[in-house]
Amino acid sequence: PYAQTVNRRFQSWVFDKQSGALKFNEAQMGWLRLIKQHIASSFHIETEDLDYAPFDAQGGIGKMYQLFGEQMEGILDEMNEALTA
């Protein structure tokens with residue numbers, strides 16, 4: 001099923017990202033998992049999606065920007081590409 005493919009690709013993407021200097025903290029990983037779940041059910045994520053459930057309950061786009069800063073857009077793009085390719 002598609003969700004299993006997304007899960008497998010997510011694990012690979014996170015492993016690749018963290019094998020270098022970048023290390024995600026627990027709060028960031030929580031957001032990345034929410035994004036993964038959204039992609040698994042919607043096939044894609046846009047910045048605007050962060051204003052809706054389940055992201056809004058976690059602080060929405062503002063919280064994601066607080067956690068990832070200028071890397072936020074790049075992470076969304078990378079996850080769209082890596083998890084759905």
# chains A, B, ... in the order shown; residues from 1 in each chain; ligands from 1
>>> residues_around(residues="stretch 49-51 of chain A", least_positions_apart="2", cutoff="10 Å", atoms="only C-alpha atoms", output="MDAnalysis selection string")
chainID A and resid 35 38 44:47 53:64
>>> select_by_dssp(residues="chain A", states="alpha helix (DSSP H)", output="ChimeraX atom specification")
/A:2-18,26-42,60-68,72-84
>>> residues_around(residues="A:Pro1", least_positions_apart="6", cutoff="12 Å", atoms="only C-alpha atoms", output="ChimeraX atom specification")
/A:7-8,40-41
>>> write_last_selection(atoms="N, CA, C and O atoms", output="short mmCIF file (atom, residue, chain, number, x, y, z; two decimals), in the first residue's frame")
data_model
loop_
_atom_site.label_atom_id
_atom_site.label_comp_id
_atom_site.auth_asym_id
_atom_site.auth_seq_id
_atom_site.Cartn_x
_atom_site.Cartn_y
_atom_site.Cartn_z
N ASN A 7 6.07 5.44 4.37
CA ASN A 7 6.80 5.18 5.62
C ASN A 7 8.24 4.75 5.34
O ASN A 7 9.17 5.23 5.99
N ARG A 8 8.40 3.85 4.40
CA ARG A 8 9.74 3.37 4.06
C ARG A 8 10.61 4.50 3.50
O ARG A 8 11.76 4.67 3.89
N ALA A 40 1.04 10.78 3.17
CA ALA A 40 0.51 9.43 2.96
C ALA A 40 -0.98 9.44 2.64
O ALA A 40 -1.47 8.60 1.88
N SER A 41 -1.71 10.40 3.19
CA SER A 41 -3.15 10.44 2.94
C SER A 41 -3.55 11.42 1.84
O SER A 41 -4.62 11.26 1.24
#
>>> residues_around(residues="stretch 67-83 of chain A", least_positions_apart="6", cutoff="7 Å", atoms="only C-alpha atoms", output="PyMOL selection string")
chain A and resi 6+9-10+13+28+44-45
>>> write_last_selection(atoms="N, CA, C and O atoms", output="compact mmCIF listing (two decimals), in the first residue's frame")
# COMPACT_ATOMS: atom_id res chain seq x y z
N VAL A 6 5.34 5.25 1.65
CA VAL A 6 5.69 6.55 2.23
C VAL A 6 6.48 6.36 3.52
O VAL A 6 7.48 7.05 3.74
N ARG A 9 10.04 5.30 2.62
CA ARG A 9 10.78 6.42 2.04
C ARG A 9 11.09 7.48 3.08
O ARG A 9 12.14 8.10 3.04
N PHE A 10 10.17 7.68 4.03
CA PHE A 10 10.41 8.63 5.11
C PHE A 10 11.60 8.20 5.96
O PHE A 10 12.47 9.00 6.28
N TRP A 13 14.71 8.87 4.04
CA TRP A 13 14.98 10.30 3.94
C TRP A 13 15.56 10.85 5.24
O TRP A 13 16.56 11.55 5.23
N GLN A 28 11.09 18.55 16.21
CA GLN A 28 11.16 18.55 14.75
C GLN A 28 10.71 17.21 14.18
O GLN A 28 9.97 17.16 13.20
N HIS A 44 0.59 14.87 -1.16
CA HIS A 44 1.38 16.09 -1.33
C HIS A 44 1.09 17.02 -0.15
O HIS A 44 0.04 16.92 0.48
N ILE A 45 2.02 17.92 0.14
CA ILE A 45 1.78 18.93 1.16
C ILE A 45 2.21 20.29 0.62
O ILE A 45 3.21 20.39 -0.09
>>> atom_distance(atom1="atom CA of A:Thr84", atom2="atom CA of A:Ile39")
7.8 Å
